[in-house]
file work_14.cif (mmCIF, C-alpha atoms)
data_work
#
loop_
_atom_site.group_PDB
_atom_site.id
_atom_site.type_symbol
_atom_site.label_atom_id
_atom_site.label_comp_id
_atom_site.auth_asym_id
_atom_site.auth_seq_id
_atom_site.Cartn_x
_atom_site.Cartn_y
_atom_site.Cartn_z
ATOM 1 C CA MET X 1 -80.910 37.241 -47.458
ATOM 2 C CA ALA X 2 -77.509 35.998 -46.369
ATOM 3 C CA THR X 3 -78.885 32.462 -46.086
ATOM 4 C CA VAL X 4 -80.180 32.548 -49.673
ATOM 5 C CA THR X 5 -76.871 33.893 -50.945
ATOM 6 C CA ALA X 6 -74.907 31.186 -49.129
ATOM 7 C CA ALA X 7 -77.183 28.482 -50.490
ATOM 8 C CA ALA X 8 -76.752 29.808 -53.993
ATOM 9 C CA ALA X 9 -72.986 29.883 -53.553
ATOM 10 C CA SER X 10 -72.902 26.330 -52.216
ATOM 11 C CA LYS X 11 -74.976 24.995 -55.127
ATOM 12 C CA PRO X 12 -72.707 23.147 -57.567
ATOM 13 C CA ARG X 13 -72.345 24.676 -61.001
ATOM 14 C CA SER X 14 -73.691 22.752 -63.957
ATOM 15 C CA SER X 15 -70.995 21.041 -66.048
ATOM 16 C CA ALA X 16 -73.177 20.820 -69.158
ATOM 17 C CA PRO X 17 -71.607 22.543 -72.210
ATOM 18 C CA PRO X 18 -73.279 25.635 -73.547
ATOM 19 C CA ALA X 19 -75.844 25.116 -76.232
ATOM 20 C CA PRO X 20 -74.217 25.239 -79.661
ATOM 21 C CA ARG X 21 -74.963 28.188 -81.818
ATOM 22 C CA LYS X 22 -76.996 27.617 -84.873
ATOM 23 C CA ARG X 23 -74.809 27.482 -87.947
ATOM 24 C CA SER X 24 -75.555 30.082 -90.499
ATOM 25 C CA LYS X 25 -77.084 28.694 -93.659
ATOM 26 C CA LEU X 26 -75.604 31.469 -95.759
ATOM 27 C CA ALA X 27 -72.164 29.879 -96.212
ATOM 28 C CA PRO X 28 -73.404 26.422 -97.356
ATOM 29 C CA ARG X 29 -75.930 28.033 -99.659
ATOM 30 C CA ALA X 30 -73.269 30.256 -101.222
ATOM 31 C CA TYR X 31 -71.021 27.246 -101.551
ATOM 32 C CA TYR X 32 -73.626 25.321 -103.510
ATOM 33 C CA TRP X 33 -74.330 28.299 -105.747
ATOM 34 C CA PHE X 34 -70.666 28.425 -106.685
ATOM 35 C CA VAL X 35 -70.054 24.693 -107.017
ATOM 36 C CA TRP X 36 -73.186 23.224 -108.565
ATOM 37 C CA PRO X 37 -73.110 25.224 -111.844
ATOM 38 C CA ALA X 38 -69.544 24.017 -112.457
ATOM 39 C CA VAL X 39 -70.459 20.432 -111.546
ATOM 40 C CA ILE X 40 -73.482 20.462 -113.847
ATOM 41 C CA ALA X 41 -71.489 21.975 -116.723
ATOM 42 C CA PHE X 42 -68.659 19.454 -116.241
ATOM 43 C CA ALA X 43 -71.108 16.558 -116.167
ATOM 44 C CA ALA X 44 -73.005 17.795 -119.222
ATOM 45 C CA PHE X 45 -69.984 18.551 -121.422
ATOM 46 C CA HIS X 46 -67.497 15.947 -120.171
ATOM 47 C CA THR X 47 -68.823 13.086 -118.057
ATOM 48 C CA LEU X 48 -72.015 12.434 -120.028
ATOM 49 C CA PRO X 49 -70.273 12.441 -123.453
ATOM 50 C CA VAL X 50 -67.627 10.090 -122.068
ATOM 51 C CA ILE X 51 -70.276 7.649 -120.846
ATOM 52 C CA ILE X 52 -72.102 7.845 -124.182
ATOM 53 C CA GLY X 53 -68.828 7.282 -126.021
ATOM 54 C CA VAL X 54 -67.991 4.227 -123.922
ATOM 55 C CA PHE X 55 -71.442 2.837 -124.697
ATOM 56 C CA PHE X 56 -71.028 3.346 -128.454
ATOM 57 C CA SER X 57 -67.621 1.640 -128.318
ATOM 58 C CA PHE X 58 -69.552 -1.621 -127.907
ATOM 59 C CA THR X 59 -71.540 -1.011 -131.100
ATOM 60 C CA ASN X 60 -70.836 -0.779 -134.839
ATOM 61 C CA TYR X 61 -72.015 2.842 -135.071
ATOM 62 C CA ALA X 62 -70.378 4.658 -137.978
ATOM 63 C CA GLY X 63 -71.294 8.143 -136.811
ATOM 64 C CA TYR X 64 -74.538 8.168 -138.766
ATOM 65 C CA GLY X 65 -77.426 5.842 -139.500
ATOM 66 C CA THR X 66 -78.391 2.799 -137.481
ATOM 67 C CA TRP X 67 -76.204 0.688 -135.239
ATOM 68 C CA ASP X 68 -76.111 -2.721 -133.564
ATOM 69 C CA PHE X 69 -74.590 -3.902 -130.316
ATOM 70 C CA ILE X 70 -71.486 -6.041 -131.013
ATOM 71 C CA GLY X 71 -69.906 -6.382 -127.559
ATOM 72 C CA ILE X 72 -66.103 -6.248 -127.338
ATOM 73 C CA GLY X 73 -65.561 -6.802 -131.059
ATOM 74 C CA ASN X 74 -64.055 -3.338 -131.558
ATOM 75 C CA TYR X 75 -61.564 -3.865 -128.743
ATOM 76 C CA ILE X 76 -60.452 -7.205 -130.158
ATOM 77 C CA ASN X 77 -59.994 -5.775 -133.650
ATOM 78 C CA ILE X 78 -57.887 -2.876 -132.350
ATOM 79 C CA PHE X 79 -55.194 -5.265 -131.129
ATOM 80 C CA ARG X 80 -55.162 -6.863 -134.595
ATOM 81 C CA ASP X 81 -54.942 -3.580 -136.499
ATOM 82 C CA ASP X 82 -51.395 -2.887 -137.718
ATOM 83 C CA ARG X 83 -52.171 0.776 -138.316
ATOM 84 C CA VAL X 84 -53.286 1.235 -134.704
ATOM 85 C CA LEU X 85 -50.201 -0.531 -133.370
ATOM 86 C CA GLN X 86 -47.969 1.621 -135.577
ATOM 87 C CA ALA X 87 -49.681 4.760 -134.254
ATOM 88 C CA TYR X 88 -49.067 3.639 -130.666
ATOM 89 C CA MET X 89 -45.413 2.893 -131.418
ATOM 90 C CA PHE X 90 -44.938 6.305 -133.000
ATOM 91 C CA SER X 91 -46.712 8.099 -130.133
ATOM 92 C CA PHE X 92 -44.591 6.414 -127.466
ATOM 93 C CA LEU X 93 -41.329 6.912 -129.367
ATOM 94 C CA PHE X 94 -42.150 10.558 -129.933
ATOM 95 C CA ALA X 95 -43.289 11.097 -126.320
ATOM 96 C CA ILE X 96 -40.209 9.499 -124.745
ATOM 97 C CA VAL X 97 -37.729 11.426 -126.917
ATOM 98 C CA ALA X 98 -39.587 14.719 -126.513
ATOM 99 C CA THR X 99 -39.944 14.272 -122.733
ATOM 100 C CA VAL X 100 -36.239 13.618 -122.242
ATOM 101 C CA LEU X 101 -35.208 16.568 -124.416
ATOM 102 C CA THR X 102 -37.768 18.934 -122.880
ATOM 103 C CA ASN X 103 -36.723 18.263 -119.297
ATOM 104 C CA ALA X 104 -32.995 18.296 -120.012
ATOM 105 C CA ILE X 105 -33.160 21.580 -121.942
ATOM 106 C CA SER X 106 -35.671 23.191 -119.569
ATOM 107 C CA LEU X 107 -33.672 22.405 -116.445
ATOM 108 C CA THR X 108 -30.491 23.737 -118.037
ATOM 109 C CA ILE X 109 -32.150 26.990 -119.101
ATOM 110 C CA ALA X 110 -33.936 27.357 -115.754
ATOM 111 C CA MET X 111 -30.648 27.103 -113.883
ATOM 112 C CA GLY X 112 -29.229 29.816 -116.128
ATOM 113 C CA LEU X 113 -32.242 32.059 -115.601
ATOM 114 C CA ASN X 114 -32.044 31.480 -111.847
ATOM 115 C CA ALA X 115 -28.456 32.729 -111.724
ATOM 116 C CA LYS X 116 -27.546 36.366 -111.156
ATOM 117 C CA ILE X 117 -27.520 37.611 -114.743
ATOM 118 C CA LYS X 118 -28.365 40.954 -116.266
ATOM 119 C CA ALA X 119 -31.980 41.530 -117.367
ATOM 120 C CA ARG X 120 -32.990 38.257 -115.718
ATOM 121 C CA ASN X 121 -36.708 39.065 -115.654
ATOM 122 C CA PHE X 122 -36.598 40.077 -119.310
ATOM 123 C CA TRP X 123 -35.067 36.762 -120.362
ATOM 124 C CA ARG X 124 -37.573 34.855 -118.267
ATOM 125 C CA GLY X 125 -40.350 36.580 -120.186
ATOM 126 C CA VAL X 126 -38.680 35.857 -123.519
ATOM 127 C CA TYR X 127 -38.426 32.146 -122.777
ATOM 128 C CA PHE X 128 -42.106 31.995 -121.803
ATOM 129 C CA VAL X 129 -43.326 33.534 -125.082
ATOM 130 C CA PRO X 130 -43.532 30.211 -127.025
ATOM 131 C CA TYR X 131 -46.090 28.903 -124.542
ATOM 132 C CA ILE X 132 -48.622 31.645 -125.308
ATOM 133 C CA LEU X 133 -48.339 31.348 -129.100
ATOM 134 C CA ALA X 134 -50.876 29.332 -131.082
ATOM 135 C CA VAL X 135 -49.444 25.925 -131.954
ATOM 136 C CA LEU X 136 -50.863 25.841 -135.479
ATOM 137 C CA VAL X 137 -49.534 29.307 -136.324
ATOM 138 C CA VAL X 138 -46.066 28.456 -135.047
ATOM 139 C CA GLY X 139 -46.317 25.083 -136.780
ATOM 140 C CA TYR X 140 -46.861 26.654 -140.172
ATOM 141 C CA VAL X 141 -43.842 28.909 -139.573
ATOM 142 C CA PHE X 142 -41.732 25.859 -138.755
ATOM 143 C CA GLN X 143 -43.121 24.107 -141.825
ATOM 144 C CA TYR X 144 -41.824 26.928 -143.999
ATOM 145 C CA LEU X 145 -38.432 26.768 -142.284
ATOM 146 C CA PHE X 146 -38.074 23.015 -142.740
ATOM 147 C CA SER X 147 -39.377 22.932 -146.320
ATOM 148 C CA ASN X 148 -37.795 26.109 -147.724
ATOM 149 C CA SER X 149 -35.150 27.714 -145.525
ATOM 150 C CA LEU X 150 -33.181 24.741 -144.189
ATOM 151 C CA PRO X 151 -32.674 23.073 -147.610
ATOM 152 C CA LYS X 152 -31.033 26.311 -148.801
ATOM 153 C CA ILE X 153 -29.052 27.084 -145.649
ATOM 154 C CA LEU X 154 -27.876 23.510 -144.983
ATOM 155 C CA SER X 155 -27.642 22.310 -148.572
ATOM 156 C CA GLY X 156 -24.252 20.757 -147.832
ATOM 157 C CA ILE X 157 -25.799 18.271 -145.390
ATOM 158 C CA PRO X 158 -27.491 15.370 -147.217
ATOM 159 C CA LEU X 159 -30.267 15.051 -144.633
ATOM 160 C CA PHE X 160 -31.358 18.667 -145.031
ATOM 161 C CA ARG X 161 -30.675 18.967 -148.737
ATOM 162 C CA ASP X 162 -34.275 18.021 -149.420
ATOM 163 C CA ASN X 163 -37.384 18.782 -147.403
ATOM 164 C CA ILE X 164 -37.053 16.706 -144.227
ATOM 165 C CA LEU X 165 -40.829 16.684 -143.841
ATOM 166 C CA THR X 166 -41.080 14.423 -146.895
ATOM 167 C CA ASN X 167 -38.639 11.892 -145.466
ATOM 168 C CA PRO X 168 -40.594 9.046 -143.831
ATOM 169 C CA ASP X 169 -37.616 8.123 -141.630
ATOM 170 C CA TRP X 170 -36.786 11.602 -140.295
ATOM 171 C CA ALA X 171 -39.981 13.647 -140.526
ATOM 172 C CA TRP X 172 -40.783 12.849 -136.881
ATOM 173 C CA THR X 173 -37.650 14.703 -135.739
ATOM 174 C CA ALA X 174 -39.071 17.962 -137.100
ATOM 175 C CA ILE X 175 -42.210 17.404 -135.018
ATOM 176 C CA VAL X 176 -40.016 16.787 -131.971
ATOM 177 C CA VAL X 177 -38.189 20.081 -132.558
ATOM 178 C CA LEU X 178 -41.441 22.059 -132.709
ATOM 179 C CA ALA X 179 -43.053 20.285 -129.743
ATOM 180 C CA VAL X 180 -39.975 20.585 -127.526
ATOM 181 C CA TRP X 181 -39.435 24.233 -128.456
ATOM 182 C CA GLN X 182 -42.915 25.116 -127.269
ATOM 183 C CA ALA X 183 -43.130 22.754 -124.293
ATOM 184 C CA CYS X 184 -39.882 24.012 -122.770
ATOM 185 C CA ALA X 185 -41.522 27.335 -121.918
ATOM 186 C CA PHE X 186 -43.879 25.820 -119.351
ATOM 187 C CA SER X 187 -41.311 23.390 -117.967
ATOM 188 C CA ILE X 188 -38.839 26.217 -117.412
ATOM 189 C CA ILE X 189 -41.372 28.030 -115.224
ATOM 190 C CA ILE X 190 -41.910 24.886 -113.119
ATOM 191 C CA TYR X 191 -38.179 24.346 -112.659
ATOM 192 C CA LEU X 192 -37.635 28.026 -111.834
ATOM 193 C CA ALA X 193 -40.256 27.776 -109.113
ATOM 194 C CA GLY X 194 -38.420 24.775 -107.686
ATOM 195 C CA LEU X 195 -34.969 26.372 -107.868
ATOM 196 C CA GLN X 196 -36.185 29.445 -106.013
ATOM 197 C CA THR X 197 -37.208 27.302 -103.042
ATOM 198 C CA ILE X 198 -33.574 26.299 -102.412
ATOM 199 C CA PRO X 199 -31.871 28.590 -99.839
ATOM 200 C CA ALA X 200 -28.706 30.271 -101.090
ATOM 201 C CA ASP X 201 -26.973 29.450 -97.795
ATOM 202 C CA ILE X 202 -26.769 25.799 -98.807
ATOM 203 C CA TYR X 203 -24.767 26.632 -101.923
ATOM 204 C CA GLU X 204 -22.501 28.986 -99.963
ATOM 205 C CA ALA X 205 -21.763 26.258 -97.430
ATOM 206 C CA ALA X 206 -21.091 23.755 -100.213
ATOM 207 C CA SER X 207 -18.714 26.199 -101.933
ATOM 208 C CA ILE X 208 -16.812 26.710 -98.699
ATOM 209 C CA ASP X 209 -16.468 22.928 -98.381
ATOM 210 C CA GLY X 210 -15.002 22.839 -101.885
ATOM 211 C CA ALA X 211 -17.924 21.201 -103.727
ATOM 212 C CA SER X 212 -17.774 21.661 -107.495
ATOM 213 C CA ALA X 213 -20.721 22.860 -109.579
ATOM 214 C CA GLY X 214 -21.453 19.313 -110.727
ATOM 215 C CA ARG X 215 -21.306 18.013 -107.177
ATOM 216 C CA GLN X 216 -23.672 20.754 -106.011
ATOM 217 C CA PHE X 217 -26.137 19.834 -108.751
ATOM 218 C CA ARG X 218 -26.069 16.122 -107.892
ATOM 219 C CA SER X 219 -26.187 16.513 -104.115
ATOM 220 C CA ILE X 220 -28.198 19.705 -103.618
ATOM 221 C CA THR X 221 -30.066 21.014 -106.644
ATOM 222 C CA PHE X 222 -31.578 17.903 -108.158
ATOM 223 C CA PRO X 223 -32.603 16.204 -104.876
ATOM 224 C CA LEU X 224 -34.331 19.380 -103.663
ATOM 225 C CA ILE X 225 -36.269 19.890 -106.903
ATOM 226 C CA SER X 226 -37.107 16.220 -107.414
ATOM 227 C CA ALA X 227 -40.816 16.895 -106.760
ATOM 228 C CA PHE X 228 -40.817 19.501 -109.531
ATOM 229 C CA PHE X 229 -38.986 17.055 -111.784
ATOM 230 C CA THR X 230 -41.728 14.488 -111.146
ATOM 231 C CA ILE X 231 -44.453 16.976 -112.073
ATOM 232 C CA ASN X 232 -42.675 18.013 -115.262
ATOM 233 C CA VAL X 233 -41.956 14.468 -116.429
ATOM 234 C CA VAL X 234 -45.513 13.260 -115.825
ATOM 235 C CA LEU X 235 -47.103 16.294 -117.507
ATOM 236 C CA SER X 236 -44.659 16.197 -120.406
ATOM 237 C CA LEU X 237 -45.116 12.520 -121.204
ATOM 238 C CA LYS X 238 -48.897 12.750 -120.879
ATOM 239 C CA GLY X 239 -49.022 15.779 -123.158
ATOM 240 C CA PHE X 240 -46.661 14.362 -125.769
ATOM 241 C CA LEU X 241 -48.568 11.086 -125.947
ATOM 242 C CA GLN X 242 -51.574 13.148 -127.043
ATOM 243 C CA VAL X 243 -49.629 15.097 -129.684
ATOM 244 C CA PHE X 244 -51.884 16.413 -132.441
ATOM 245 C CA ASP X 245 -51.450 20.071 -133.446
ATOM 246 C CA PRO X 246 -47.718 19.933 -134.355
ATOM 247 C CA ILE X 247 -48.374 16.941 -136.613
ATOM 248 C CA ILE X 248 -51.300 18.681 -138.326
ATOM 249 C CA ALA X 249 -49.187 21.761 -138.976
ATOM 250 C CA LEU X 250 -46.026 20.020 -140.197
ATOM 251 C CA THR X 251 -46.793 16.675 -141.830
ATOM 252 C CA ASN X 252 -50.528 15.965 -141.474
ATOM 253 C CA GLY X 253 -49.535 12.437 -140.499
ATOM 254 C CA GLY X 254 -47.341 11.827 -143.518
ATOM 255 C CA PRO X 255 -45.437 10.860 -145.485
ATOM 256 C CA GLY X 256 -48.008 8.089 -145.700
ATOM 257 C CA THR X 257 -48.776 7.202 -142.096
ATOM 258 C CA SER X 258 -45.212 7.457 -140.767
ATOM 259 C CA THR X 259 -46.029 10.324 -138.380
ATOM 260 C CA GLU X 260 -49.613 9.414 -137.555
ATOM 261 C CA SER X 261 -50.212 9.560 -133.794
ATOM 262 C CA VAL X 262 -52.992 7.841 -131.861
ATOM 263 C CA THR X 263 -54.948 11.062 -131.427
ATOM 264 C CA MET X 264 -54.736 11.813 -135.153
ATOM 265 C CA LEU X 265 -55.862 8.284 -135.995
ATOM 266 C CA ILE X 266 -58.825 8.617 -133.627
ATOM 267 C CA PHE X 267 -59.775 11.976 -135.144
ATOM 268 C CA ARG X 268 -59.459 10.854 -138.751
ATOM 269 C CA GLY X 269 -61.196 7.523 -138.398
ATOM 270 C CA GLY X 270 -63.827 8.657 -135.937
ATOM 271 C CA PHE X 271 -64.963 11.905 -137.537
ATOM 272 C CA THR X 272 -64.172 11.521 -141.234
ATOM 273 C CA GLY X 273 -63.606 7.789 -141.796
ATOM 274 C CA GLY X 274 -66.894 6.293 -140.659
ATOM 275 C CA GLU X 275 -65.249 4.481 -137.731
ATOM 276 C CA PHE X 276 -66.893 6.321 -134.868
ATOM 277 C CA ALA X 277 -67.483 3.316 -132.601
ATOM 278 C CA TYR X 278 -64.194 1.648 -133.551
ATOM 279 C CA GLN X 279 -62.097 4.741 -132.825
ATOM 280 C CA THR X 280 -64.103 5.424 -129.670
ATOM 281 C CA ALA X 281 -62.968 2.032 -128.410
ATOM 282 C CA ASN X 282 -59.448 3.060 -129.386
ATOM 283 C CA ALA X 283 -59.891 6.265 -127.372
ATOM 284 C CA VAL X 284 -61.015 4.270 -124.322
ATOM 285 C CA ILE X 285 -57.926 2.076 -124.546
ATOM 286 C CA PHE X 286 -55.719 5.121 -125.033
ATOM 287 C CA PHE X 287 -57.228 6.754 -121.946
ATOM 288 C CA ILE X 288 -56.487 3.643 -119.889
ATOM 289 C CA VAL X 289 -52.924 3.499 -121.239
ATOM 290 C CA ILE X 290 -52.223 7.147 -120.371
ATOM 291 C CA THR X 291 -53.718 6.704 -116.897
ATOM 292 C CA VAL X 292 -51.629 3.608 -116.176
ATOM 293 C CA VAL X 293 -48.443 5.220 -117.496
ATOM 294 C CA SER X 294 -49.015 8.361 -115.406
ATOM 295 C CA LEU X 295 -49.673 6.353 -112.237
ATOM 296 C CA LEU X 296 -46.551 4.247 -112.813
ATOM 297 C CA GLN X 297 -44.516 7.406 -113.322
ATOM 298 C CA PHE X 298 -45.785 8.891 -110.086
ATOM 299 C CA ARG X 299 -45.033 5.707 -108.193
ATOM 300 C CA VAL X 300 -41.499 5.294 -109.535
ATOM 301 C CA LEU X 301 -40.508 8.959 -109.352
ATOM 302 C CA GLN X 302 -41.995 9.559 -105.909
ATOM 303 C CA ARG X 303 -40.143 6.506 -104.631
ATOM 304 C CA ARG X 304 -36.999 8.059 -106.046
ATOM 305 C CA GLU X 305 -37.819 11.307 -104.224
ATOM 306 C CA ALA X 306 -37.931 9.380 -100.949
ATOM 307 C CA ASP X 307 -34.487 7.897 -101.633
ATOM 308 C CA PHE X 308 -32.840 11.320 -101.883
#

call {"tool": "encode", "arguments": {"input": "work_14.cif", "output": "C-alpha cells"}}
result
Amino acid sequence: MATVTAAAASKPRSSAPPAPRKRSKLAPRAYYWFVWPAVIAFAAFHTLPVIIGVFFSFTNYAGYGTWDFIGIGNYINIFRDDRVLQAYMFSFLFAIVATVLTNAISLTIAMGLNAKIKARNFWRGVYFVPYILAVLVVGYVFQYLFSNSLPKILSGIPLFRDNILTNPDWAWTAIVVLAVWQACAFSIIIYLAGLQTIPADIYEAASIDGASAGRQFRSITFPLISAFFTINVVLSLKGFLQVFDPIIALTNGGPGTSTESVTMLIFRGGFTGGEFAYQTANAVIFFIVITVVSLLQFRVLQRREADF
C-alpha cells in the first residue's frame, strides 16, 4: 500500500490546462434578439431607401411615371444651376453665423449657470425649455413678433420699421435669431457637463497665484473643455446646414428665394416640383459635403485639443 502511494506521489502531474467550459448559448441568443430587430428596421427604413435614392439620382425620374437611365447628367446640371448654388451659399452663411453665435452665447450662459448663484437648478431648467418646444410652434410665435410687435416697438429704427421678414437682405437674420435661441438650450447642457468636470481646486490655486478671470478662462477653462467645444461646434454646424423648420415657419424661403436653404430646395423640387431624381442627386452631394465638413472639423479641432 505504501509502495503504491509513493509511486502515485512520484508520478509527475499533468501540465495540460483544464478543459474549457462550454459557453452558454443564452447570452448570444439574447444578444441577437435585441440587435437584429433594430438592424432590420434600420436597414428597411434608412439604408434601403438611401440605396434606392442613389440609384434614382442617375435617372430622369420625376417622382411618377416612367424613367430612363441618364448617368451623371443630374450631377453635372447641379453645378450649373444658379438656384442650387445660391441655396448652398445661403446655407453655409447661415450655418457659420449661427454656429458662432450659438457657441459664444451658450458658453457664456453655461459659465454663469455653473457659478454659485441662487436657484441654480431652476435657471438651468428654464434655459433648457426652448429645446423641448416644437420648432414650428415657436417659429409662428417669432413670426408674429417680427411682423407685428417689433415694427410697433422699434418703429424709430428704420430696419425694424417694416416687417423684417419681407426684406430680402435681412430676413435671414430673423431665422438666425430663432435657430440660435433654440439651439443654445442643448449646447448649454453640453458645456455645463464639461465645466463640471473641472476641479474647483484648480481655480483656487489660480486665484492664489493672482490669475484674473480672463486668464483663468484662457488657461484653465477653455483648454479643459475643448473636447466639449469640439462636439458642440460639429453638431451645431451640421444641424444648421440642414436648417428647414425655422425657414418654413418664418419666411417659407422668401422673399423670393433669398432664404431658401438646400434642404428646402430638395424638399420643394423633389416632392412638389417634379424633380425627384434631380433633387435626389442634390441630396447625395449635400450628404457628401456635410460628411467632409464634419470630418475636417473633427480633424482641425482635435488637433487644437492636442496643442492645449

call {"tool": "closest_residue", "arguments": {"input": "work_14.cif", "among": "X:Ile225, X:Ala281, X:Val292, X:Ala205", "to": "Gly73 (chain X)", "atoms": "only C-alpha atoms"}}
result
X:Ala281

call {"tool": "residues_near_point", "arguments": {"input": "work_14.cif", "point": "(-46.4, 10.2, -146.0)", "cutoff": "12 Å", "atoms": "all atoms listed in the file", "output": "PyMOL selection string"}}
result
chain X and resi 164-172+247+250-260

call {"tool": "resolve_selection", "arguments": {"input": "work_14.cif", "expression": "the PyMOL selection byres ((chain X and resi 194) around 12)", "output": "JSON, numbers by chain"}}
result
{"X": [107, 110, 111, 114, 187, 188, 189, 190, 191, 192, 193, 195, 196, 197, 198, 199, 221, 222, 223, 224, 225, 226, 227, 228, 229, 230, 231, 232]}

call {"tool": "resolve_selection", "arguments": {"input": "work_14.cif", "expression": "the PyMOL selection byres ((chain X and resi 235-246) around 8)", "output": "ChimeraX atom specification"}}
result
/X:91-92,94-96,98-99,102,135-136,139,175,178-179,183,231-234,247-250,261-264,290,294

call {"tool": "resolve_selection", "arguments": {"input": "work_14.cif", "expression": "the PyMOL selection byres ((chain X and resi 120-132) around 9)", "output": "list in words"}}
result
Ile109, Ala110, Leu113, Asn114, Ala115, Lys116, Ile117, Lys118, Ala119, Leu133, Ala134, Val135, Val138, Trp181, Gln182, Ala183, Cys184, Ala185, Phe186, Ile188 and Ile189 of chain X

call {"tool": "atom_distance", "arguments": {"input": "work_14.cif", "atom1": "CA of Arg215 (chain X)", "atom2": "CA of Leu301 (chain X)"}}
result
21.3 Å

call {"tool": "residues_around", "arguments": {"input": "work_14.cif", "residues": "Ala277 (chain X)", "least_positions_apart": "3", "cutoff": "10 Å", "atoms": "only C-alpha atoms", "output": "list in words"}}
result
Gly53, Val54, Phe55, Phe56, Ser57, Phe58, Thr59, Asn60, Tyr61, Ala62, Gly63, Trp67, Asn74, Gly269, Gly270, Gly274, Thr280, Ala281, Asn282 and Ala283 of chain X
